[in-house]
file target_20.txt (compact mmCIF, C-alpha atoms)
# COMPACT_ATOMS: atom_id res chain seq x y z
CA LEU D 1 78.88 85.40 116.76
CA ARG D 2 77.11 84.65 120.04
CA LEU D 3 76.42 81.30 121.71
CA ASN D 4 77.72 77.85 120.92
CA ASN D 5 75.56 75.88 118.48
CA SER D 6 73.91 79.03 117.12
CA GLY D 7 74.87 78.20 113.54
CA LYS D 8 78.24 79.86 112.97
CA ARG D 9 79.87 76.67 111.71
CA SER D 10 77.02 76.07 109.27
CA LEU D 11 77.77 79.45 107.72
CA LEU D 12 81.35 78.36 107.13
CA ASP D 13 80.06 75.11 105.58
CA LEU D 14 78.01 77.19 103.15
CA VAL D 15 81.08 79.24 102.29
CA GLU D 16 83.06 76.06 101.56
CA TYR D 17 80.35 74.70 99.26
CA ALA D 18 80.06 78.05 97.51
CA THR D 19 83.72 77.82 96.50
CA ASP D 20 82.76 74.65 94.56
CA ASP D 21 79.61 76.35 93.24
CA LYS D 22 77.39 73.59 94.57
CA ALA D 23 74.92 72.97 97.37
CA PRO D 24 75.56 70.47 100.19
CA ALA D 25 73.65 67.24 99.70
CA GLY D 26 72.57 64.39 101.96
CA ALA D 27 70.68 63.98 105.21
CA ALA D 28 73.53 65.49 107.25
CA PHE D 29 72.86 68.85 105.63
CA SER D 30 69.07 68.79 105.72
CA HIS D 31 66.90 70.64 108.24
CA ARG D 32 63.42 69.42 109.20
CA GLY D 33 63.38 67.19 106.16
CA GLN D 34 64.23 70.02 103.76
CA PRO D 35 67.43 69.81 101.67
CA ALA D 36 70.06 72.49 102.13
CA GLN D 37 70.02 75.44 99.75
CA ILE D 38 72.53 78.14 98.97
CA LEU D 39 70.95 81.29 97.56
CA THR D 40 72.91 84.29 96.31
CA ASP D 41 71.50 87.80 95.85
CA THR D 42 73.38 90.11 93.46
CA VAL D 43 72.49 93.38 91.77
CA ILE D 44 71.89 93.39 88.00
CA GLU D 45 74.06 96.08 86.42
CA ALA D 46 73.66 97.78 83.05
CA ALA D 47 76.58 95.78 81.62
CA ASP D 48 74.84 92.53 82.64
CA VAL D 49 71.72 93.49 80.69
CA GLN D 50 73.80 94.44 77.67
CA GLN D 51 75.39 90.98 77.66
CA THR D 52 72.12 89.03 77.93
CA PHE D 53 69.47 91.19 76.22
CA SER D 54 70.46 91.86 72.62
CA ALA D 55 69.67 95.29 71.20
CA GLN D 56 69.54 93.66 67.72
CA THR D 57 66.78 91.19 68.64
CA SER D 58 63.03 91.65 68.93
CA GLY D 59 60.01 89.42 69.39
CA GLY D 60 59.56 85.88 70.63
CA SER D 61 58.45 85.55 74.23
CA ILE D 62 59.71 89.09 74.89
CA PRO D 63 57.50 91.89 73.55
CA GLY D 64 59.43 94.44 71.47
CA ASN D 65 63.17 95.06 71.49
CA HIS D 66 64.98 92.73 73.92
CA PHE D 67 67.42 95.34 75.27
CA GLU D 68 64.69 97.90 75.87
CA PHE D 69 62.71 95.20 77.70
CA GLY D 70 65.75 94.17 79.77
CA ARG D 71 66.52 97.70 80.96
CA ARG D 72 63.77 97.40 83.58
CA PHE D 73 65.93 94.85 85.45
CA ILE D 74 68.88 97.23 85.89
CA GLY D 75 69.40 97.87 89.61
CA THR D 76 67.15 95.01 90.71
CA THR D 77 68.34 92.03 92.77
CA LEU D 78 68.78 88.64 91.10
CA ARG D 79 68.32 85.60 93.37
CA THR D 80 70.13 82.45 92.27
CA GLN D 81 70.33 78.96 93.77
CA LEU D 82 73.54 76.95 93.65
CA LEU D 83 72.94 73.33 92.63
CA SER D 84 74.86 70.11 93.27
CA GLN D 85 75.60 69.74 89.55
CA LYS D 86 77.72 72.90 89.69
CA GLN D 87 74.89 74.77 87.98
CA ARG D 88 72.87 77.77 89.06
CA GLU D 89 69.11 78.04 88.87
CA PHE D 90 67.10 81.22 88.52
CA VAL D 91 64.88 81.78 91.59
CA GLY D 92 63.50 85.24 90.98
CA ILE D 93 63.92 88.99 90.96
CA VAL D 94 63.55 90.18 94.56
CA ASP D 95 63.30 93.43 96.45
CA GLY D 96 66.74 93.92 98.03
CA ALA D 97 65.25 95.27 101.25
CA THR D 98 62.38 92.82 101.84
CA GLY D 99 63.47 89.75 99.87
CA LYS D 100 60.01 89.52 98.30
CA GLN D 101 59.71 88.62 94.63
CA VAL D 102 58.99 91.41 92.15
CA LEU D 103 58.63 91.60 88.33
CA LYS D 104 57.45 87.97 88.25
CA GLY D 105 55.63 88.24 84.94
CA GLU D 106 58.47 90.06 83.20
CA ALA D 107 61.01 87.49 84.46
CA LEU D 108 58.87 84.63 83.11
CA GLN D 109 58.86 86.28 79.70
CA ALA D 110 62.68 86.30 79.67
CA GLN D 111 63.54 82.92 81.18
CA SER D 112 66.52 82.18 78.94
CA GLN D 113 68.02 85.62 79.70
CA MET D 114 67.45 85.08 83.43
CA ARG D 115 69.33 81.77 83.25
CA ALA D 116 72.15 83.50 81.38
CA LEU D 117 72.33 86.16 84.10
CA CYS D 118 72.55 83.43 86.76
CA LEU D 119 75.53 81.80 85.02
CA GLN D 120 77.62 84.97 84.94
CA PRO D 121 80.82 84.31 86.98
CA HIS D 122 80.45 87.29 89.31
CA ARG D 123 77.11 85.95 90.64
CA ASN D 124 79.24 83.75 92.91
CA PRO D 125 82.46 85.61 93.80
CA LEU D 126 83.66 82.63 95.86
CA LYS D 127 83.57 80.16 92.96
CA GLY D 128 86.91 78.53 92.28
CA LYS D 129 88.55 79.84 95.46
CA THR D 130 90.67 77.49 97.56
CA TYR D 131 89.02 77.02 100.96
CA TRP D 132 91.24 76.37 103.99
CA LYS D 133 89.93 76.33 107.53
CA ILE D 134 91.26 76.33 111.10
CA GLY D 135 88.82 74.69 113.50
CA ALA D 136 88.08 75.68 117.08
CA GLU D 137 89.80 72.47 118.25
CA ARG D 138 93.40 72.63 117.02
CA ASN D 139 96.95 71.76 117.98
CA ILE D 140 100.47 71.43 116.58
CA VAL D 141 102.08 68.14 117.63
CA PRO D 142 105.23 66.18 116.73
CA GLU D 143 104.82 64.26 113.45
CA VAL D 144 106.69 61.64 111.43
CA ASP D 145 108.19 62.70 108.11
CA ARG D 146 105.64 62.43 105.29
CA SER D 147 107.80 63.81 102.48
CA GLY D 148 106.45 61.25 100.02
CA THR D 149 102.86 62.41 100.38
CA THR D 150 101.04 65.59 99.34
CA MET D 151 101.81 68.36 101.80
CA THR D 152 98.69 69.72 103.47
CA ILE D 153 97.52 71.15 106.80
CA ASP D 154 94.06 70.20 108.02
CA ALA D 155 91.60 72.22 110.12
CA HIS D 156 92.91 70.71 113.38
CA GLY D 157 96.58 71.45 112.68
CA ILE D 158 97.60 67.98 111.50
CA GLY D 159 100.36 68.41 108.93
CA ALA D 160 101.64 71.74 110.30
CA THR D 161 104.82 70.24 111.82
CA ASN D 162 105.51 68.35 108.60
CA ALA D 163 105.04 71.47 106.51
CA LEU D 164 107.37 73.51 108.73
CA GLN D 165 110.11 70.89 108.81
CA GLN D 166 109.99 70.33 105.05
CA PHE D 167 110.24 74.04 104.29
CA LEU D 168 113.19 74.27 106.68
CA ASN D 169 115.02 71.15 105.51
CA LYS D 170 114.13 70.40 101.87
CA SER D 171 116.45 72.10 99.38
CA GLU D 172 113.70 72.55 96.80
CA LEU D 173 111.57 74.60 99.22
CA ASP D 174 112.13 78.21 100.35
CA ARG D 175 113.27 77.92 103.97
CA ASP D 176 113.21 81.71 104.40
CA LEU D 177 109.40 81.54 104.32
CA VAL D 178 109.66 79.99 107.80
CA ARG D 179 112.91 81.24 109.33
CA VAL D 180 112.47 84.84 108.10
CA THR D 181 108.91 85.66 106.92
CA LEU D 182 106.91 83.54 109.37
CA LEU D 183 109.29 84.36 112.25
CA ARG D 184 109.03 88.10 111.54
CA SER D 185 105.21 87.92 111.62
CA LEU D 186 105.30 85.85 114.80
CA ASN D 187 107.40 88.49 116.55
CA ALA D 188 105.22 91.32 115.25
CA ILE D 189 102.23 89.63 116.90
CA PHE D 190 103.92 88.58 120.16
CA LYS D 191 106.00 91.66 120.94
CA PRO D 192 106.39 92.94 123.60
CA ASP D 193 105.31 89.74 125.41
CA ALA D 194 108.01 87.65 123.75
CA GLU D 195 110.63 87.84 121.00
CA PHE D 196 111.83 84.71 119.24
CA ASP D 197 115.29 84.44 117.64
CA GLU D 198 114.82 81.24 115.70
CA ILE D 199 112.32 78.60 114.65
CA ILE D 200 113.64 75.15 113.79
CA CYS D 201 112.51 71.53 113.56
CA ARG D 202 114.51 68.73 115.22
CA HIS D 203 114.36 64.99 114.69
CA LEU D 204 113.48 63.17 117.94
CA PRO D 205 114.59 59.64 119.00
CA ASP D 206 111.04 58.32 118.43
CA ASN D 207 111.36 59.27 114.73
CA ASN D 208 109.03 62.28 115.09
CA TRP D 209 109.84 65.84 114.09
CA GLU D 210 109.21 68.58 116.65
CA VAL D 211 109.03 72.37 116.26
CA PHE D 212 111.35 74.37 118.55
CA LEU D 213 111.50 78.12 119.20
CA SER D 214 114.45 80.03 120.62
CA GLU D 215 114.39 83.08 122.90
CA LYS D 216 117.50 84.91 124.07
CA THR D 217 116.85 84.30 127.76
CA LYS D 218 115.33 80.82 127.48
CA GLY D 219 117.16 78.98 124.70
CA LEU D 220 115.34 76.36 122.61
CA ILE D 221 111.86 75.41 123.83
CA ALA D 222 109.80 72.60 122.28
CA LEU D 223 106.45 73.77 120.93
CA SER D 224 104.78 70.87 122.74
CA GLN D 225 105.94 72.50 125.99
CA SER D 226 104.49 75.88 125.00
CA GLY D 227 101.04 77.35 125.42
CA SER D 228 98.07 76.83 123.13
CA GLY D 229 98.05 80.51 122.21
CA LEU D 230 101.49 80.26 120.61
CA LYS D 231 100.38 77.19 118.65
CA THR D 232 97.27 79.01 117.42
CA VAL D 233 99.33 81.94 116.12
CA ILE D 234 101.90 79.68 114.40
CA LEU D 235 99.13 77.60 112.79
CA THR D 236 97.47 80.80 111.54
CA LEU D 237 100.78 81.98 110.07
CA CYS D 238 101.25 78.62 108.35
CA PHE D 239 97.97 79.23 106.51
CA VAL D 240 98.92 82.81 105.59
CA HIS D 241 102.56 82.25 104.58
CA LEU D 242 102.93 78.56 103.63
CA ALA D 243 99.59 77.72 102.01
CA PRO D 244 100.34 79.72 98.82
CA ALA D 245 103.70 77.96 98.41
CA ILE D 246 102.18 74.52 99.12
CA THR D 247 99.40 74.98 96.57
CA LYS D 248 101.41 77.18 94.16
CA LYS D 249 98.59 79.73 94.21
CA SER D 250 98.40 83.38 95.16
CA LEU D 251 96.79 84.06 98.52
CA SER D 252 94.22 86.17 96.63
CA GLU D 253 92.81 82.84 95.34
CA PHE D 254 92.09 81.66 98.90
CA VAL D 255 89.17 81.85 101.27
CA LEU D 256 90.48 81.40 104.82
CA ALA D 257 88.02 80.54 107.58
CA PHE D 258 89.22 80.64 111.20
CA GLU D 259 87.05 79.49 114.10
CA GLU D 260 87.37 81.18 117.49
CA LEU D 261 90.99 82.29 117.27
CA GLU D 262 90.53 83.96 120.66
CA ASN D 263 90.71 80.60 122.43
CA ASN D 264 93.74 80.74 124.78
CA LEU D 265 94.75 84.24 123.62
CA HIS D 266 94.77 87.18 126.03
CA PRO D 267 93.10 90.42 124.81
CA ALA D 268 96.28 92.23 123.71
CA LEU D 269 97.42 89.21 121.70
CA GLN D 270 93.96 88.93 120.14
CA ARG D 271 94.17 92.55 119.01
CA ARG D 272 97.60 92.09 117.46
CA LEU D 273 96.65 88.82 115.71
CA ILE D 274 93.38 90.18 114.29
CA GLY D 275 95.13 93.41 113.32
CA PHE D 276 97.79 91.39 111.47
CA LEU D 277 95.16 89.29 109.65
CA THR D 278 93.22 92.43 108.70
CA GLU D 279 96.32 94.02 107.18
CA GLN D 280 97.23 90.82 105.33
CA ALA D 281 93.71 90.33 103.94
CA ILE D 282 93.66 93.87 102.55
CA GLU D 283 97.24 93.86 101.27
CA ARG D 284 97.13 90.38 99.69
CA LYS D 285 93.46 90.53 98.67
CA PHE D 286 92.12 87.31 100.14
CA THR D 287 88.75 86.68 101.76
CA LEU D 288 88.80 86.00 105.51
CA PHE D 289 85.96 84.64 107.64
CA LEU D 290 86.24 84.69 111.44
CA THR D 291 83.80 83.19 113.92
CA THR D 292 84.17 84.54 117.43
CA HIS D 293 82.67 84.95 120.89
CA SER D 294 85.11 87.78 121.64
CA ASN D 295 84.20 91.45 121.83
CA ILE D 296 87.82 92.21 120.86
CA ALA D 297 87.17 91.29 117.21
CA ILE D 298 83.98 93.37 117.20
CA ASP D 299 85.82 96.39 118.63
CA LEU D 300 88.60 96.10 116.03
CA LEU D 301 86.46 95.43 112.96
CA ASN D 302 83.33 97.43 113.69
CA LYS D 303 84.73 100.63 112.13
CA ASN D 304 86.73 98.93 109.36
CA PRO D 305 85.18 99.69 105.94
CA ASP D 306 86.62 96.44 104.55
CA ALA D 307 84.94 94.29 107.22
CA GLN D 308 81.40 93.03 107.70
CA ILE D 309 79.97 91.72 110.97
CA LEU D 310 77.28 89.02 110.86
CA HIS D 311 75.22 88.36 113.98
CA VAL D 312 74.06 84.74 114.29
CA THR D 313 71.30 83.98 116.79
CA HIS D 314 69.21 80.90 117.61
CA ASP D 315 65.69 80.91 119.01
CA GLY D 316 65.65 77.24 119.99
CA ALA D 317 64.31 76.07 116.66
CA SER D 318 66.14 77.96 113.92
CA SER D 319 69.24 80.04 113.36
CA TYR D 320 69.05 83.59 112.04
CA CYS D 321 71.80 85.70 110.57
CA LYS D 322 71.80 89.43 109.92
CA THR D 323 74.38 91.98 108.91
CA VAL D 324 75.30 94.46 111.65
CA ARG D 325 75.12 97.90 110.06
CA ALA D 326 74.53 100.32 112.92
CA PHE D 327 75.84 101.00 116.41
CA VAL D 328 72.54 99.86 117.95
CA GLU D 329 72.93 96.48 116.25
CA SER D 330 76.52 96.27 117.50
CA LYS D 331 75.19 96.83 121.00
CA GLY D 332 72.87 93.84 120.48
CA VAL D 333 75.85 91.68 119.57
CA LEU D 334 77.67 92.76 122.73
CA ASP D 335 74.56 92.08 124.80
CA ASP D 336 74.38 88.53 123.42
CA LEU D 337 78.06 88.05 124.28
CA ASP D 338 77.29 89.32 127.82
CA VAL D 339 79.81 92.14 127.45
CA ARG D 340 79.03 94.68 130.16
CA ALA D 341 79.73 98.35 130.56
CA SER D 342 82.28 97.51 133.25
CA ASP D 343 84.29 95.66 130.61
CA LEU D 344 85.52 99.07 129.42
CA LEU D 345 88.14 98.35 132.07
CA GLN D 346 89.68 95.91 129.56
CA SER D 347 89.89 98.34 126.60
CA ASN D 348 93.29 99.55 125.39
CA GLY D 349 93.27 102.84 127.24
CA ILE D 350 91.72 106.25 127.75
CA VAL D 351 93.32 109.65 127.26
CA TRP D 352 91.76 112.32 129.49
CA VAL D 353 91.84 115.74 127.80
CA GLU D 354 90.46 119.12 128.81
CA GLY D 355 88.05 119.67 125.90
CA PRO D 356 87.16 119.09 122.22
CA SER D 357 89.98 121.17 120.72
CA ASP D 358 92.57 119.23 122.73
CA ARG D 359 91.13 116.02 121.34
CA VAL D 360 91.38 117.31 117.75
CA TYR D 361 95.05 118.26 118.11
CA LEU D 362 96.03 115.19 120.10
CA THR D 363 94.38 112.58 117.87
CA ARG D 364 95.89 114.23 114.79
CA TRP D 365 99.34 114.25 116.39
CA ILE D 366 99.06 110.56 117.37
CA SER D 367 97.91 109.70 113.85
CA LEU D 368 100.88 111.53 112.27
CA TRP D 369 103.38 110.21 114.81
CA SER D 370 102.28 106.59 114.30
CA GLY D 371 101.84 106.76 110.53
CA ASP D 372 98.06 106.29 110.89
CA GLN D 373 98.64 103.06 112.82
CA LEU D 374 97.12 104.28 116.11
CA LEU D 375 93.54 105.52 115.74
CA GLU D 376 91.00 106.85 118.21
CA GLY D 377 88.10 104.49 118.77
CA TYR D 378 90.30 101.62 117.61
CA HIS D 379 93.35 101.69 119.90
CA TYR D 380 92.35 104.32 122.46
CA GLN D 381 89.54 106.72 123.36
CA CYS D 382 89.59 110.37 124.44
CA VAL D 383 87.44 111.53 127.38
CA PHE D 384 86.84 115.19 128.36
CA TYR D 385 87.29 116.36 131.94
CA GLY D 386 86.48 120.03 131.35
CA GLY D 387 89.43 122.16 132.51
CA ARG D 388 88.77 123.34 136.08
CA LEU D 389 86.81 120.13 136.71
CA LEU D 390 90.20 118.38 136.93
CA SER D 391 89.98 118.93 140.69
CA HIS D 392 87.13 116.38 140.74
CA LEU D 393 89.30 113.58 139.27
CA SER D 394 91.47 111.18 141.22
CA ALA D 395 94.02 108.55 140.18
CA ASP D 396 94.11 106.93 143.61
CA GLU D 397 93.02 103.33 144.07
CA PRO D 398 89.24 103.20 143.36
CA ASP D 399 88.40 101.97 146.86
CA ALA D 400 90.18 104.98 148.34
CA VAL D 401 88.22 107.51 146.25
CA SER D 402 85.00 108.72 147.88
CA ASP D 403 84.35 112.31 146.76
CA ALA D 404 85.89 112.39 143.27
CA VAL D 405 85.63 110.58 139.90
CA SER D 406 88.01 107.63 139.87
CA ILE D 407 90.14 107.59 136.70
CA LEU D 408 90.96 103.94 137.30
CA ARG D 409 87.34 102.88 137.60
CA VAL D 410 86.78 104.07 134.03
CA ASN D 411 89.95 102.40 132.71
CA ARG D 412 93.12 101.25 134.41
CA ASN D 413 95.23 102.31 131.38
CA ALA D 414 94.99 106.09 131.64
CA CYS D 415 96.82 109.16 130.44
CA VAL D 416 95.93 112.70 131.53
CA VAL D 417 96.83 115.64 129.27
CA MET D 418 96.78 119.06 131.00
CA ASP D 419 97.37 122.68 130.00
CA SER D 420 99.99 124.19 132.30
CA ASP D 421 98.06 127.49 132.49
CA ARG D 422 101.39 129.19 133.34
CA ARG D 423 102.26 132.62 132.05
CA ASN D 424 105.99 131.83 132.27
CA GLU D 425 108.25 128.92 133.18
CA LEU D 426 108.85 130.20 136.71
CA GLU D 427 105.19 130.06 137.64
CA ASP D 428 104.06 127.00 139.63
CA LEU D 429 101.42 124.50 138.52
CA ASN D 430 98.20 124.68 140.50
CA PRO D 431 97.56 122.14 143.31
CA SER D 432 95.08 120.01 141.30
CA LYS D 433 97.61 119.41 138.53
CA LEU D 434 100.40 118.60 140.98
CA ARG D 435 98.12 116.16 142.81
CA ILE D 436 97.14 114.37 139.58
CA ILE D 437 100.79 114.15 138.49
CA ASP D 438 101.78 112.56 141.82
CA GLU D 439 98.84 110.13 141.81
CA MET D 440 99.51 109.07 138.24
CA LYS D 441 103.23 108.56 138.96
CA SER D 442 102.35 106.32 141.88
CA ILE D 443 100.48 103.93 139.59
CA GLN D 444 103.09 104.22 136.78
CA ALA D 445 100.62 106.00 134.51
CA THR D 446 101.30 108.88 132.15
CA THR D 447 100.67 112.61 132.44
CA TRP D 448 101.52 115.27 129.90
CA VAL D 449 101.58 118.95 130.92
CA THR D 450 101.99 121.51 128.14
CA ASP D 451 104.75 124.11 128.37
CA GLY D 452 102.48 127.11 127.82
CA ARG D 453 98.94 128.15 128.62

call {"tool": "encode", "arguments": {"input": "target_20.txt", "output": "C-alpha cells"}}
result
Amino acid sequence: LRLNNSGKRSLLDLVEYATDDKAPAGAAFSHRGQPAQILTDTVIEAADVQQTFSAQTSGGSIPGNHFEFGRRFIGTTLRTQLLSQKQREFVGIVDGATGKQVLKGEALQAQSQMRALCLQPHRNPLKGKTYWKIGAERNIVPEVDRSGTTMTIDAHGIGATNALQQFLNKSELDRDLVRVTLLRSLNAIFKPDAEFDEIICRHLPDNNWEVFLSEKTKGLIALSQSGSGLKTVILTLCFVHLAPAITKKSLSEFVLAFEELENNLHPALQRRLIGFLTEQAIERKFTLFLTTHSNIAIDLLNKNPDAQILHVTHDGASSYCKTVRAFVESKGVLDDLDVRASDLLQSNGIVWVEGPSDRVYLTRWISLWSGDQLLEGYHYQCVFYGGRLLSHLSADEPDAVSDAVSILRVNRNACVVMDSDRRNELEDLNPSKLRIIDEMKSIQATTWVTDGR
C-alpha cells in the first residue's frame, strides 16, 4: 500500500521465491551490497517438539532428557532463513513481539534439533504452491493461434486470448469454463452496469484471434474496442477459472498475486471485483495477495477475519512493512493514500435512523433479507439523527442549505428511516417528516416511514 516505488512489488517477489523455498540471488536482488534474505517466523508447537526431541534419549550436547529439555521451546518463535539451495537455515529463537533473540545458549545446545525444526514443511506454508501474477501493466490483445505450445498466461496478459479461444474451440477442453462459468462471474461483477449474453473468439483476416462479447442492445463488440476495466476483470477471471484447468491443479495449490486491480475500475466495480475474489479465495482455499493504492480495498477487507493488511512505507532510504492490526493504524494507511474525510461522499451509502434501537432492528433485518450478504460497516453505515432533531436535517442541494444539516454533504447515497408517530392511520405525518419525504423524492432517494408509532 501507499506510494509508487515504496516496495510493494518486492514483497510479491519474496512471495514468489518462497513458493520455491529459496532466496533470490544476484546483484538485481541485493540492497546496499547485501544479498537478499527471506526470513520466516513461526511458532514452535508441542507436536513439533515431540517430533524433534526424543523422550527416549538423554545426554550428548543436551543435558538430561531431550524431550524435557525441548519443552522450554514450546510457544517460542523459530526464525528460519530460506536458502538458494532449497534448504532452510536456523537463525535463532526470537521474541515474537520484539524480534530479539532469546534462549541463545539453549538453542546452541540443540543445534541438530533446531535444524530439524527448520525443515518441517509447515515452516514455509507457501512452499510448492504455483505462483501466478497479474502486473499493474496489463492488456488482452488479439493473438495468433499457439495450439502447439504450452498454454500459459503471463503477468501482462499475453496468452489470455489464446487460452480463451482454445477453451472455446478445442474439443478436448471444457468450453463451458468460458461460456458459462467465466461469463457468469463476469456478469456478477459487472451488473447492473452491463450484462453480457455471450463470450466468443473469432478468427480475423490477419490470422489473429480476437475476443468478442455480446450484449442484448449492442451486439458483438471486440474486446480491443472495450475499456481497460473490462479487460482487467476478464484477465482476473482467466486466472481464477482457467488456471486450474491449464495446470491440472486445484486452485488451493495456487498463490495469486494481483497488482493494482483498481486501475481503470470505478469504485462500485472495484467493490464487486474484490468481493468476488474474497469469496473465491475463502471458498476455494487459495492464497491471494493484492497490492493497491485504493481505499476501496482497505474498506472492504479491514473487517474481514480472513484478510490481513500490510502497510508498506519508504523513508527515502529503506522500505518498511508492518501489519495493520488496529483502527488507528488503518487511519495511517488512509492518510498515506491521501484519503480525506470528505471522501465519505464516495462510500456506498448512509442510512439515517432515529436511534440505537432502530439501528439494531434495521441492520438485523437487512442481514436476514440479504442472506448475510449486506453488512453494516461493509456495504452501508447507519447514522443517528435523534428523533425530534429530524427537523434540523435537509435533503436539499447542499448549496441551498444554510440553517440545517445537509444529508447530501455527508453522503449523496442516503436513506432516511422514520417512525410515523401516528396513533392511527388517519392521523397526518408531522411537517418535518413530510418535508424530508418531499426533499428525498426530488433527488430520487429513499425514505421509509413505519406504519405505527

call {"tool": "closest_residue", "arguments": {"input": "target_20.txt", "among": "D:Asp419, D:Glu137, D:Asp21, D:Glu262", "to": "Arg88 in chain D", "atoms": "only C-alpha atoms"}}
result
D:Asp21

call {"tool": "closest_residue", "arguments": {"input": "target_20.txt", "among": "D:Leu375, D:Ile221, D:Ala163, D:Ala155", "to": "Asn304 in chain D", "atoms": "only C-alpha atoms"}}
result
D:Leu375

call {"tool": "closest_residue", "arguments": {"input": "target_20.txt", "among": "D:Ala136, D:Leu290, D:Ile44, D:Val351", "to": "Ile366 in chain D", "atoms": "all atoms listed in the file"}}
result
D:Val351

call {"tool": "atom_distance", "arguments": {"input": "target_20.txt", "atom1": "CA of Ile158 in chain D", "atom2": "CA of Asn264 in chain D"}}
result
18.8 Å

call {"tool": "atom_distance", "arguments": {"input": "target_20.txt", "atom1": "CA of Glu260 in chain D", "atom2": "CA of Thr292 in chain D"}}
result
4.6 Å

call {"tool": "closest_residue", "arguments": {"input": "target_20.txt", "among": "D:Gly275, D:Gly128, D:Gly70, D:Gly377", "to": "Gln113 in chain D", "atoms": "all atoms listed in the file"}}
result
D:Gly70

call {"tool": "atom_distance", "arguments": {"input": "target_20.txt", "atom1": "CA of Leu12 in chain D", "atom2": "CA of Ala257 in chain D"}}
result
7.0 Å

call {"tool": "residues_around", "arguments": {"input": "target_20.txt", "residues": "range 178-191 of chain D", "least_positions_apart": "5", "cutoff": "9 Å", "atoms": "only C-alpha atoms", "output": "PyMOL selection string"}}
result
chain D and resi 164+167-168+196-200+230+233-234+237-238+240-242+269-273+275-276

call {"tool": "closest_residue", "arguments": {"input": "target_20.txt", "among": "D:Gln120, D:Thr450, D:Ser84, D:Thr98", "to": "Thr42 in chain D", "atoms": "all atoms listed in the file"}}
result
D:Gln120

call {"tool": "residues_around", "arguments": {"input": "target_20.txt", "residues": "Pro142 in chain D", "least_positions_apart": "3", "cutoff": "12 Å", "atoms": "only C-alpha atoms", "output": "MDAnalysis selection string"}}
result
chainID D and resid 139 145 157:165 201:212 222:225

call {"tool": "closest_residue", "arguments": {"input": "target_20.txt", "among": "D:Pro305, D:Gly96, D:Pro356, D:Gly75", "to": "Ala46 in chain D", "atoms": "only C-alpha atoms"}}
result
D:Gly75

call {"tool": "residues_near_point", "arguments": {"input": "target_20.txt", "point": "(67.2, 93.9, 72.0)", "cutoff": "7 Å", "atoms": "all atoms listed in the file", "output": "PyMOL selection string"}}
result
chain D and resi 53-58+65-68

call {"tool": "residues_around", "arguments": {"input": "target_20.txt", "residues": "Lys441 in chain D", "least_positions_apart": "4", "cutoff": "12 Å", "atoms": "all atoms listed in the file", "output": "compact mmCIF listing (two decimals) with C-alpha atoms, keeping the file's coordinate frame"}}
result
# COMPACT_ATOMS: atom_id res chain seq x y z
CA ALA D 395 94.02 108.55 140.18
CA ASP D 396 94.11 106.93 143.61
CA ALA D 414 94.99 106.09 131.64
CA CYS D 415 96.82 109.16 130.44
CA VAL D 416 95.93 112.70 131.53
CA LEU D 434 100.40 118.60 140.98
CA ARG D 435 98.12 116.16 142.81
CA ILE D 436 97.14 114.37 139.58
CA ILE D 437 100.79 114.15 138.49
CA ALA D 445 100.62 106.00 134.51
CA THR D 446 101.30 108.88 132.15
CA THR D 447 100.67 112.61 132.44
CA TRP D 448 101.52 115.27 129.90

call {"tool": "residues_near_point", "arguments": {"input": "target_20.txt", "point": "(91.2, 90.5, 106.6)", "cutoff": "12 Å", "atoms": "only C-alpha atoms", "output": "number ranges by chain"}}
result
D: 240, 251-252, 254-258, 273-290, 297, 300-301, 304-308

call {"tool": "build_atoms", "arguments": {"input": "target_20.txt", "residues": "range 71-79 of chain D", "atoms": "N, CA, C and O atoms", "output": "tab-separated table (two decimals), in the coordinates of the input"}}
result
chain	number	residue	atom	x	y	z
D	71	ARG	N	66.07	96.56	80.17
D	71	ARG	CA	66.52	97.70	80.96
D	71	ARG	C	65.76	97.84	82.28
D	71	ARG	O	66.27	98.39	83.25
D	72	ARG	N	64.54	97.29	82.34
D	72	ARG	CA	63.77	97.40	83.58
D	72	ARG	C	64.39	96.60	84.73
D	72	ARG	O	64.04	96.81	85.89
D	73	PHE	N	65.30	95.67	84.40
D	73	PHE	CA	65.93	94.85	85.45
D	73	PHE	C	67.19	95.51	86.04
D	73	PHE	O	67.72	95.01	87.03
D	74	ILE	N	67.66	96.58	85.40
D	74	ILE	CA	68.88	97.23	85.89
D	74	ILE	C	68.64	97.77	87.30
D	74	ILE	O	67.66	98.48	87.56
D	75	GLY	N	69.51	97.42	88.23
D	75	GLY	CA	69.40	97.87	89.61
D	75	GLY	C	68.57	96.96	90.49
D	75	GLY	O	68.52	97.17	91.71
D	76	THR	N	67.92	95.95	89.90
D	76	THR	CA	67.15	95.01	90.71
D	76	THR	C	68.07	93.91	91.24
D	76	THR	O	69.23	93.79	90.85
D	77	THR	N	67.55	93.08	92.14
D	77	THR	CA	68.34	92.03	92.77
D	77	THR	C	67.97	90.67	92.20
D	77	THR	O	66.80	90.28	92.20
D	78	LEU	N	68.97	89.97	91.69
D	78	LEU	CA	68.78	88.64	91.10
D	78	LEU	C	69.08	87.58	92.15
D	78	LEU	O	70.16	87.56	92.73
D	79	ARG	N	68.12	86.70	92.42
D	79	ARG	CA	68.32	85.60	93.37
D	79	ARG	C	68.58	84.31	92.59
D	79	ARG	O	67.81	83.93	91.71
